[in-house]
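Content type TSV, C-alpha atoms, from the file start-v8.tsv:
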chain	number	residue	atom	x	y	z
A	897	MET	CA	44.16	-14.32	-3.32
A	898	LYS	CA	42.99	-10.94	-4.62
A	899	GLY	CA	39.34	-12.10	-4.67
A	900	GLY	CA	39.58	-13.15	-1.02
A	901	VAL	CA	41.04	-9.78	0.01
A	902	ALA	CA	38.31	-7.88	-1.88
A	903	PHE	CA	35.64	-10.05	-0.28
A	904	SER	CA	37.10	-9.40	3.17
A	905	ARG	CA	37.05	-5.63	2.55
A	906	VAL	CA	33.41	-5.80	1.54
A	907	ARG	CA	32.57	-7.76	4.68
A	908	VAL	CA	34.45	-5.30	6.86
A	909	ARG	CA	32.70	-2.32	5.23
A	910	ALA	CA	29.31	-3.98	5.70
A	911	LEU	CA	30.04	-4.71	9.35
A	912	VAL	CA	31.29	-1.18	9.99
A	913	GLY	CA	28.28	0.30	8.17
A	914	GLY	CA	25.91	-1.83	10.22
A	915	ALA	CA	27.64	-0.83	13.45
A	916	VAL	CA	27.39	2.86	12.52
A	917	PHE	CA	23.66	2.48	11.80
A	918	VAL	CA	23.03	0.73	15.13
A	919	ALA	CA	25.06	3.38	16.96
A	920	ALA	CA	23.13	6.20	15.26
A	921	ALA	CA	19.80	4.54	16.09
A	922	SER	CA	20.89	4.12	19.72
A	923	VAL	CA	21.89	7.80	19.96
A	924	ALA	CA	18.58	8.86	18.40
A	925	MET	CA	16.63	6.77	20.93
A	926	ALA	CA	18.74	8.12	23.82
A	927	GLN	CA	18.04	11.69	22.69
A	928	GLY	CA	14.31	10.99	22.67
A	929	VAL	CA	13.90	11.03	18.88
A	930	VAL	CA	10.63	9.29	18.10
A	931	ASP	CA	9.77	7.65	14.79
A	932	ALA	CA	6.32	8.75	13.59
A	933	MET	CA	5.44	5.19	12.60
A	934	ARG	CA	6.96	3.18	15.48
A	935	GLY	CA	6.48	5.66	18.30
A	936	ALA	CA	8.93	5.27	21.19
A	937	VAL	CA	9.11	1.46	20.92
A	938	PRO	CA	12.72	0.19	20.74
A	939	LEU	CA	13.81	-1.40	17.47
A	940	ASP	CA	14.14	-4.85	19.02
A	941	GLN	CA	10.47	-4.88	20.10
A	942	GLU	CA	7.25	-5.08	18.11
A	943	PRO	CA	4.88	-2.11	18.60
A	944	VAL	CA	1.21	-2.78	19.30
A	945	ALA	CA	-1.05	-1.50	16.53
A	946	PRO	CA	-3.63	1.07	17.65
A	947	PRO	CA	-7.27	-0.02	17.42
A	948	LEU	CA	-9.20	1.00	14.31
A	949	GLN	CA	-11.75	3.58	15.33
A	950	ASN	CA	-12.97	5.83	12.54
A	951	GLN	CA	-13.56	3.40	9.70
A	952	GLU	CA	-15.44	5.07	6.84
A	953	ASN	CA	-18.84	3.73	5.88
A	954	LYS	CA	-19.76	5.99	2.96
A	955	ASP	CA	-20.23	3.42	0.16
A	956	VAL	CA	-18.67	5.92	-2.26
A	957	ARG	CA	-16.06	4.91	-4.83
A	958	ARG	CA	-12.80	6.76	-4.30
A	959	THR	CA	-10.47	7.80	-7.08
A	960	ARG	CA	-7.29	5.80	-7.19
A	961	ALA	CA	-3.98	7.44	-6.42
A	962	PHE	CA	-1.97	5.49	-8.99
A	963	ALA	CA	-2.37	3.10	-11.90
A	964	MET	CA	-3.19	-0.47	-10.90
A	965	GLN	CA	-4.03	0.52	-7.32
A	966	PRO	CA	-6.57	-1.92	-5.89
A	967	PRO	CA	-9.79	-0.07	-5.02
A	968	THR	CA	-10.29	0.66	-1.35
A	969	ILE	CA	-13.27	-0.77	0.53
A	970	PRO	CA	-15.84	2.02	0.98
A	971	HIS	CA	-17.71	0.41	3.86
A	972	ARG	CA	-17.13	-1.24	7.23
A	973	ILE	CA	-16.06	-4.89	7.22
A	974	ASP	CA	-15.98	-5.51	10.96
A	975	GLY	CA	-16.73	-9.15	11.64
A	976	TYR	CA	-16.58	-10.23	7.99
A	977	GLN	CA	-15.48	-13.84	7.74
A	978	ILE	CA	-12.71	-14.14	5.17
A	979	ASP	CA	-10.92	-17.41	5.73
A	980	ARG	CA	-10.54	-20.77	4.03
A	981	PHE	CA	-14.13	-21.69	4.94
A	982	ALA	CA	-15.96	-18.57	3.76
A	983	ASN	CA	-15.53	-15.22	2.04
A	984	ARG	CA	-18.20	-12.77	3.23
A	985	CYS	CA	-17.29	-10.26	0.49
A	986	MET	CA	-18.63	-12.61	-2.15
A	987	ALA	CA	-22.13	-12.48	-0.62
A	988	CYS	CA	-22.48	-9.12	-2.40
A	989	HIS	CA	-19.61	-8.87	-4.90
A	990	ALA	CA	-19.92	-12.27	-6.65
A	991	ARG	CA	-21.07	-11.85	-10.23
A	992	THR	CA	-24.17	-13.94	-9.45
A	993	ARG	CA	-25.18	-11.57	-6.59
A	994	ILE	CA	-24.63	-8.07	-8.03
A	995	GLU	CA	-28.13	-7.69	-9.49
A	996	GLU	CA	-29.60	-8.10	-6.02
A	997	SER	CA	-26.89	-6.33	-4.00
A	998	LYS	CA	-26.08	-3.53	-6.49
A	999	ALA	CA	-22.43	-3.97	-5.46
A	1000	ILE	CA	-19.52	-3.65	-7.85
A	1001	PRO	CA	-18.67	-7.11	-9.22
A	1002	VAL	CA	-15.30	-8.70	-8.58
A	1003	SER	CA	-12.97	-8.09	-11.52
A	1004	ALA	CA	-12.65	-10.87	-14.09
A	1005	THR	CA	-8.93	-10.97	-13.23
A	1006	HIS	CA	-9.86	-12.46	-9.86
A	1007	TYR	CA	-11.18	-15.55	-11.65
A	1008	MET	CA	-7.94	-16.17	-13.58
A	1009	ASP	CA	-5.26	-18.57	-12.48
A	1010	ARG	CA	-1.60	-17.65	-12.86
A	1011	ASP	CA	-1.58	-19.02	-16.41
A	1012	GLY	CA	-4.42	-16.67	-17.45
A	1013	THR	CA	-7.06	-19.42	-17.63
A	1014	ILE	CA	-10.52	-18.28	-16.52
A	1015	ARG	CA	-11.83	-20.41	-13.66
A	1016	GLY	CA	-15.40	-20.94	-12.54
A	1017	ASP	CA	-14.62	-19.69	-9.03
A	1018	LEU	CA	-12.25	-17.19	-7.44
A	1019	SER	CA	-8.59	-17.86	-7.97
A	1020	PRO	CA	-6.97	-19.02	-4.72
A	1021	ARG	CA	-4.41	-16.22	-5.00
A	1022	ARG	CA	-7.22	-13.63	-5.13
A	1023	TYR	CA	-9.51	-15.21	-2.53
A	1024	PHE	CA	-8.39	-13.21	0.53
A	1025	CYS	CA	-9.68	-9.76	-0.44
A	1026	THR	CA	-8.00	-7.82	2.37
A	1027	GLN	CA	-4.56	-8.78	1.07
A	1028	CYS	CA	-5.00	-5.94	-1.44
A	1029	HIS	CA	-8.24	-4.12	-0.64
A	1030	VAL	CA	-8.46	-2.16	2.60
A	1031	PRO	CA	-11.11	-0.06	4.35
A	1032	GLN	CA	-10.23	3.56	5.07
A	1033	ASP	CA	-10.04	5.31	8.43
A	1034	GLU	CA	-10.57	9.04	8.94
A	1035	VAL	CA	-7.26	9.73	10.68
A	1036	LYS	CA	-4.46	12.28	10.56
A	1037	PRO	CA	-1.60	10.91	8.41
A	1038	LEU	CA	1.52	9.86	10.34
A	1039	VAL	CA	3.82	11.24	7.65
A	1040	THR	CA	3.36	13.90	4.99
A	1041	ASN	CA	2.53	12.71	1.50
A	1042	ARG	CA	3.80	14.61	-1.52
A	1043	TYR	CA	2.65	12.01	-4.05
A	1044	GLU	CA	1.43	13.46	-7.35
A	1045	ASP	CA	-0.60	11.51	-9.85
A	1046	PHE	CA	1.15	10.97	-13.18
A	1047	GLU	CA	-1.58	12.82	-15.08
A	1048	ALA	CA	-1.29	15.88	-12.81
A	1049	VAL	CA	2.49	16.00	-13.29
A	1050	ARG	CA	2.13	15.52	-17.06
A	1051	GLN	CA	-0.44	18.32	-17.34
A	1052	ARG	CA	1.70	20.68	-15.26
A	1053	GLU	CA	4.82	19.95	-17.32
A	1054	THR	CA	2.89	20.32	-20.59
A	1055	SER	CA	1.56	23.70	-19.41
A	1056	ARG	CA	5.08	24.84	-18.47
A	1057	ALA	CA	6.42	23.75	-21.84
A	1058	LEU	CA	3.66	25.62	-23.69
A	1059	GLU	CA	4.24	28.74	-21.57
A	1060	GLY	CA	7.96	28.54	-22.35
A	1061	LYS	CA	7.28	28.34	-26.09
A	1062	GLY	CA	4.92	31.34	-25.89
A	1063	ALA	CA	7.53	33.42	-24.04
A	1064	ARG	CA	10.21	32.63	-26.65
A	1065	LYS	CA	7.97	33.68	-29.60
A	1066	LYS	CA	7.62	37.24	-28.27
Full structure transcribed into structure tokens:
Amino acid sequence: MKGGVAFSRVRVRALVGGAVFVAAASVAMAQGVVDAMRGAVPLDQEPVAPPLQNQENKDVRRTRAFAMQPPTIPHRIDGYQIDRFANRCMACHARTRIEESKAIPVSATHYMDRDGTIRGDLSPRRYFCTQCHVPQDEVKPLVTNRYEDFEAVRQRETSRALEGKGARKK
């Protein structure tokens, strides 16, 4: 019987917590609080995405913000066909086309299946490039970003530690 009582308490707490969240969201909407990402669209409705307007077309490789980040696409891809019938990206980025196109070749990892076996063609799970790789737009960020690269944090902390040791020696 104890297990049933504990389970009931958990359910009641979850229900009360959910009700409090919904009430707080309703109050925020009534007071005109607007979410930077959703805008003024109610939570039970899907907002319409704004049209892409300022897509970069610089063909310059960007540095990556974090380890294992997929590279961004440095050029426009409007109208590129990427579906089960064709992959327009491979017209330039296939290993057989890079000599002519001077594009960066697709990573060898994109030719591996989930067991690590190298295939002769793109792996089906890596075929749809825009699942991971995205073009960039020149827009004002919707939210502030305080992300710091690991190397920058490590260098700052190392410098602080060295400064601390120097101060103690005096």
>> Could you list, as a list in words, every residue within 12 Å of Pro970 of chain A, counting only C-alpha atoms and ignoring same-chain residues fewer than 4 positions away?
In response: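 Skipping anything fewer than 4 positions along the chain leaves Gln951, Glu952, Asn953, Lys954, Asp955, Val956, Arg957, Arg958, Thr959, Ala999, Ile1000, His1029, Val1030, Pro1031, Gln1032, Asp1033 and Glu1034 of chain A.
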> Could you state the separation of atom CA of Asp1045 of chain A and atom CA of Gly1060 of chain A in Å, given to one decimal place?
Replying inline: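 Atom CA of Gly1060 of chain A lies 22.8 Å from atom CA of Asp1045 of chain A.
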>> Taking all atoms listed in the file into account, name the residue in A:Val930, A:Ala982, A:Val1039, A:Leu939 that is nearest to Leu1018 of chain A.
In response: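 Nearest candidate to Leu1018 of chain A out of A:Val930, A:Ala982, A:Val1039, A:Leu939: A:Ala982.
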> Pick from A:Leu1038, A:Ala963, A:Met1008, A:Cys1025: nearest to Arg934 of chain A, with only C-alpha atoms counted?
Replying inline: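 Result for the nearest residue to Arg934 of chain A: A:Leu1038.
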>> So the first atom is atom CA of Cys988 of chain A and the second is atom CA of Asp1009 of chain A; what is the distance between them in Å, to one decimal place?
In response: 22.1 Å
Mind listing as an mmCIF file with C-alpha atoms, keeping the file's coordinate frame all residues within 8 Å of (-11.8, -3.6, 10.5), counting all atoms listed in the file?
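Okay, this is what ended up in out35.cif:
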data_model
loop_
_atom_site.group_PDB
_atom_site.id
_atom_site.type_symbol
_atom_site.label_atom_id
_atom_site.label_comp_id
_atom_site.auth_asym_id
_atom_site.auth_seq_id
_atom_site.Cartn_x
_atom_site.Cartn_y
_atom_site.Cartn_z
ATOM 1 C CA LEU A 948 -9.200 1.000 14.310
ATOM 2 C CA GLN A 951 -13.560 3.400 9.700
ATOM 3 C CA ARG A 972 -17.130 -1.240 7.230
ATOM 4 C CA ILE A 973 -16.060 -4.890 7.220
ATOM 5 C CA ASP A 974 -15.980 -5.510 10.960
ATOM 6 C CA GLY A 975 -16.730 -9.150 11.640
ATOM 7 C CA PRO A 1031 -11.110 -0.060 4.350
#
>> Report, in Å with one decimal, the straight-line distance from atom CA of Gln1027 of chain A to atom CA of Ile978 of chain A.
In response: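 Going from atom CA of Gln1027 of chain A over to atom CA of Ile978 of chain A covers 10.6 Å.
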>> Need the shell around segment 1002-1005 of chain A: protein/DNA/RNA residues with any atom at most 9 Å away, counting only C-alpha atoms. Skip same-chain ones fewer than 3 positions apart. Format as number ranges by chain?
In response: A: 986, 989-991, 1008-1009, 1012, 1014, 1019, 1022
> Of the candidates A:Val1035, A:Thr1013, A:Arg1021, A:Ala961, which shows the shortest atom-to-atom distance to Pro946 of chain A, using only C-alpha atoms?
Replying inline: A:Val1035
